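Take a look at the structure below.
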Amino acid sequence: MQDISKLCMICLSVKDENDVCPRCKRNIAVRQEAPLLPLKSIINERYCIAKAMKRNGEGVTYAAYDLTLDKPVSVREFFPESIASRSYDELTVVPAAGSESDFSSCRASFIELWTKLMRLKGLSALVTVTDVFQSNSTAYAVYEESELVNLNGYLNNTADGYMPWEKARILFMPVLSTLGTLHTSGVLHRGINPKSFIFSKDGKLKLTDFCAEQARTLLSDIEPELFEGYTPYEQYSADGNIGPWSDIYSFCAVIYRTLVGKDPIDAKVRAVEDKLMIPAKFAEQIPSYVINAMINGMQIMPEDRTRNIEQLRSNLSTVQRSFETHNDPSKYTPAAPIGDPLADPVPTRERVDNPVPSYNSYAQRMQGMQSERPAPAPVPPAAPPRKEPSYGAPIEGYSQPVSGFGVRQTEPEPVFTHQVTASEPPVPPVPPVYSEAVRPAPQHEEPVPTAERAPRYQEPVQTVRRAPQYAEPERVSTAGERVDEYRRAVEEVRRLDEEKRERKKKSLIALLVVLVILLLGVVGVLAHEMMNPGAGWFGGNTAETTTAAATMVKVPDFKTSRITDIMNNQTFTTNFTIIQKAQSSDTVAEGTVLDQDILSGQMVPQGTVITLTVSSGAKMVKIPDVSGQTYEAAEETLKALGFKCSKSSRQNDGTHAPNTVAETSPLAGSEVKEGSLVMIVLWKDAETTAPVIDIGQQAQTTVPPTTAAPVTEAPTESTEPEPTEAPEQEVVD
C-alpha cells in the first residue's frame with residue numbers, strides 16, 4: 001500500500017527524498033477550500049481524496065488514490081450545494097431544511113445513472129466506472145483516471161483551431177456506437193460539449209462528465225449546468241421534449257466546432273433569429289453529406305431533428321462517388337467501413353476531347369459542371385424508389401442553412417457521368433453500393449461481478465424507475481407558436497428572478513429594521529446608565545443584579561455553516577445576538593460563514609453580540625467591449641478590472657484590420673468572476689478567400705455532389721498529432 005504522506009495532493013505522484021513532486025515541481029502544502037472534502041480524507045476505507053478537479057451544481061469530482069489497487073482514480077461526489085451543506089465533521093452531507101425530498105430523489109438518480117454506466121464499462125468510448133457506493137449520507141462513483149487533455153483544449157492549442165473531416169471522422173465515428181448503446185440502455189448524457197470528450201492514452205476520444213438529469217434541466221432546485229451553443233432548445237424549458245435527439249443536437253454541435261473552429265450560436269438565439277453560418281472556406285472542404293448531417297442534427301425544434309444515432313451514423317457515412325466508366329466497376333471504391341479511414345479515392349476521368357477548364361471560385365466550378373453534365377442515366381427498375389420527396393432543385397453556393405424552421409435535408413441523388421462516343425454503344429449503368437448497411441448497436445451482456453471486483457454498497461436504497469421521455473408529440477406546433485412559447489418561458493424566468501430580488505430586498509429591509517431597533521436599545525441602556533450610575537432598570541445595584549442574573553454560554557464554531565441554518569436555530573438566536581457582515585469570496589458558496597469575531601470555545605454572557613462574516617459569493621465583473629483595439633490596449637483595460645488575459649487569432653476575410661481585437665471570450669457584456677481568464681481573439685492578416693454565406697438564410701436543399709480532386713494518400717490514424725503532447729495555451733497574468 002502506498003504511503004499517503006509521500007503522495008502529491010495535486011497530481012498524485014510520489015514525492016522524492018526532498019519532499020518535492022517530480023511532476024509538479026512543488027514542495028509546498030496545498031489546502032482544499034471549504035466546503036469540499038479535506039485533502040487526504042479516506043472514503044469507504046479505500047480511496048484517498050486529493051485536489052478537486054471539477055465542480056458544478058450536482059457535485060464535485062476529485063483526483064483520488066485507490067489504496068487497494070495502488071493506482072490513481074477519479075471520485076465523483078454527489079454534493080448539490082444549492083440544497084445541501086457540509087456538516088461540522090467536514091465529511092457528512094446534510095440536506096437543507098425543506099429540501100430533503102429533492103435531495104433524496106436526486107441522489108437516487110445519481111446512483112441509478114452511475115450503476116448503469118458501471119454495467120456498460122466494456123464500451124470503448126466510455127470512461128470505465130469501477131465502483132458506486134454510499135457514505136457520509138451521500139453517494140460516490142469511482143472511475144478511471146481522467147486525462148488532462150480534452151477536445152476543447154486540444155483544438156484551442158492547434159495552429160488553426162480546427163481539423164479536417166478526414167481526421168475528425170476517425171475520432172467521432174467510434175463514439176457514435178457508444179452513444180447508441182447508452183441510449184438503448186436508457187442513459188442520456190444531456191451535456192455533450194467539447195470539454196466532455198477526453199483523449200485516452202491511445203489517442204482515442206472517450207465520453208465523460210455524466211450528471212443526473214436534475215442537473216441538466218430546469219426540473220429541480222439544483223443549479224442547472226447548461227452549455228451555451230451546445231445545449232438543445234428543449235433543455236431550456238421545464239417541460240421540454242428531451243430524448244436521444246437532444247444528445248444528437250449537442251454531438252452535431254461538437255462536430256461543427258471541430259470542423260469550423262468556433263462555437264455554434266446558442267439555440268435560444270437561433271429560435272428567435274437563426275444566423276448560424278459556415279464560411280465558404282470550410283464549405284468547400286467539408287463533404288456535402290456531412291453538412292447535410294449537421295443540418296438535420298442541429299434543427300432547433302426536436303420534432304424536425306434526426307431522431308436516433310443509427311440515422312445520424314448513416315448520414316455521416318454516406319459517401320457520394322462517381323464511376324470512372326460504367327464498363328469498369330473495379331475502379332469504383334465503395335464507402336469505407338465505419339471507424340476505418342477512407343480507401344484511396346477514385347481517380348478522375350481523363351477527358352482528352354473536352355478538357356476540364358479551370359475555374360476561379362467554387363461557384364464558377366458548380367456552374368461549369370451544371371452546364372457540362374450530361375443527362376443522368378436511367379435508374380434500373382430493380383433499384384428501390386426513394387421514400388422521401390425532393391424538396392427543391394440543387395442550389396449554387398457554398399453552404400447549407402441550419403435553420404430551426406426550414407425543411408429537413410435529404411441525401412443528394414447520385415449522378416453518373418459517362419462520355420459516350422460514336423463508336424461505343426451505350427452500356428446500361430451498374431448500380432453502385434453507396435455505403436455499407438447500417439449496423440445495429442453492439443449489445444453488451446451485463447458482466448457478472450466476481451468476488452474481487454464486486455461493487456460494495458453500504459447503504460442500499462430503493463431506486464425509482466422512470467418511464468423514458470421519448471414520446472412523440474401528438475401535435476406539431478407552428479413556428480409562430482414555438483416563438484411565442486419561448487418568449488413566454490423567457491418572461492416567466494424574468495418574473496421569477498424579479499420575485500427573488502424582491503424577496504431579498506424585503507429580507508434586507510427587515511434585517512436593517514432589526515439592527516436599528518437593537519441599536520436604539522443599546523443607546524437607551526447606555527443613556528440610562530449615564531443618568532443613573534450604579535442603579536439597575538428596576539432599582540437596586542446594577543453590579544449585584546448582573547452578577548446574580550448573568551448566564552455564561554459557550555461560543556460554538558460557526559465557520560463553514562450556512563447563515564440560514566444558524567438564524568433558524570432557536571438555541572443560537574436565544575444565547576447570542578447575531579449580526580451579519582457580507583464579504584465576497586471566489587471559493588466559498590454564497591450564504592456560508594467565513595469568520596466570526598469571537599473565537600469558538602470562549603465563555604461569554606448570554607445575549608453577547610457576535611458578528612459573522614458571511615460569503616456573498618464571487619465578485620462579478622462585467623467584461624468591457626474592447627473590439628477594434630490593439631492587444632496591448634485591450635490587455636491593459638482588462639487587467640485594470642482584475643482579469644487575466646490570453647490571446648488567440650482568427651481568420652481575416654479582408655474586412656478587418658489585422659492584429660486588432662475581433663472579440664473576447666467570454667463575450668463583451670458578460671458578467672464573470674473577478675480574476676477570471678479572458679481570451680482576446682485577434683484578426684489575422686487578410687487572406688484571399690471566397691465570401692461568407694449565411695446558411696441560415698438559404699433554403700435547405702441538398703448540395704449536388706461534385707467530383708473530388710485526386711488525393712495522393714488517404715488519411716490514416718498515424719497522421720494524427722499526439723493529443724497528449726499538445727502545447728499549453730499561453731496565459732498572461
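Each chain in the C-alpha cells gets a letter, A, B, ..., in the order shown, and its residues are numbered from 1; ligands are numbered from 1 in order too.
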Residues of segment 93-210 of chain A that approach segment 217-235 of chain A to 10 Å or less, counting only C-alpha atoms: could you list each one with the shortest pair of atoms and its distance in Å to one decimal, rows by chain and increasing residue number, as a Markdown table?
| residue | atom | partner | partner_atom | distance |
| --- | --- | --- | --- | --- |
| A:Ser99 | CA | A:Asp221 | CA | 8.5 |
| A:Asp102 | CA | A:Ser220 | CA | 7.2 |
| A:Phe103 | CA | A:Ile222 | CA | 9.0 |
| A:Ser105 | CA | A:Ser220 | CA | 9.8 |
| A:Cys106 | CA | A:Ser220 | CA | 8.7 |
| A:Arg190 | CA | A:Thr231 | CA | 7.7 |
| A:Gly191 | CA | A:Thr231 | CA | 6.8 |
| A:Ile192 | CA | A:Tyr230 | CA | 7.1 |
| A:Asn193 | CA | A:Tyr230 | CA | 6.1 |
| A:Pro194 | CA | A:Tyr230 | CA | 9.0 |
Would you pick out the contacts of Leu69 of chain A at 10 Å or less, using only C-alpha atoms, so that residues sharing its chain but fewer than 2 positions from it are not included, and give the list as an MDAnalysis selection string? chainID A and resid 1:2 46:47 65:67 71:73
Dump as a compact mmCIF listing (two decimals), in the first residue's frame, selection limited to N, CA and C atoms:
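Writing done, so here's result_30.txt:
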# COMPACT_ATOMS: atom_id res chain seq x y z
N MET A 1 0.84 -1.20 0.00
CA MET A 1 0.00 0.00 0.00
C MET A 1 0.88 1.25 0.00
N GLN A 2 0.52 2.22 -0.80
CA GLN A 2 1.31 3.44 -0.93
C GLN A 2 1.19 4.31 0.32
N ARG A 46 -10.94 3.13 1.52
CA ARG A 46 -10.18 2.69 0.35
C ARG A 46 -9.63 3.84 -0.48
N TYR A 47 -10.36 4.94 -0.63
CA TYR A 47 -9.98 6.00 -1.57
C TYR A 47 -9.49 7.22 -0.81
N TYR A 65 -6.71 8.43 -4.88
CA TYR A 65 -5.78 7.29 -4.99
C TYR A 65 -6.44 6.06 -4.39
N ASP A 66 -6.50 4.99 -5.19
CA ASP A 66 -7.08 3.72 -4.75
C ASP A 66 -6.02 2.96 -3.95
N LEU A 67 -6.20 2.91 -2.64
CA LEU A 67 -5.22 2.26 -1.78
C LEU A 67 -5.23 0.75 -1.94
N LYS A 71 -3.35 2.70 -7.37
CA LYS A 71 -3.30 3.48 -8.60
C LYS A 71 -4.23 4.70 -8.48
N PRO A 72 -3.96 5.75 -9.27
CA PRO A 72 -4.83 6.95 -9.23
C PRO A 72 -6.18 6.66 -9.89
N VAL A 73 -7.23 7.28 -9.36
CA VAL A 73 -8.58 7.18 -9.92
C VAL A 73 -9.24 8.55 -9.80
d(atom CA of Val678 of chain A, atom CA of Lys262 of chain A) in Å: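 Taking atom CA of Val678 of chain A as the start and atom CA of Lys262 of chain A as the end point, the length is 16.0 Å.
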For segment 683-685 of chain A, list every protein, DNA or RNA residue within 8 Å, evaluated using only C-alpha atoms, and leave out those in the same chain fewer than 3 positions away; present the list as a PyMOL selection string. chain A and resi 649-652+654+656-662
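Pairwise distance (atom CA of Gly180 of chain A, atom CA of Lys268 of chain A) equals 26.6 Å.
Take the candidates A:Arg76, A:Arg305, A:His528, A:Lys554 and check each one against Gly243 of chain A using only C-alpha atoms; the shortest distance goes to A:Arg305.
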Across A:Pro35, A:Pro174, A:Gly521, A:Pro244, the smallest distance to Thr560 of chain A, with only C-alpha atoms counted, is shown by A:Pro35
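Taking atom CA of Gly675 of chain A as the reference point, atom CA of Ala618 of chain A is found at 10.0 Å.
The smallest atom-to-atom distance between Val254 of chain A and any of A:Pro287, A:Gly57, A:Gly480, A:Gly297, using only C-alpha atoms, is found for A:Gly297.
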Would you give me, as a ChimeraX atom specification, the residues in segment 105-153 of chain A that DSSP reads as alpha helix (DSSP H)? /A:105-119,151-153
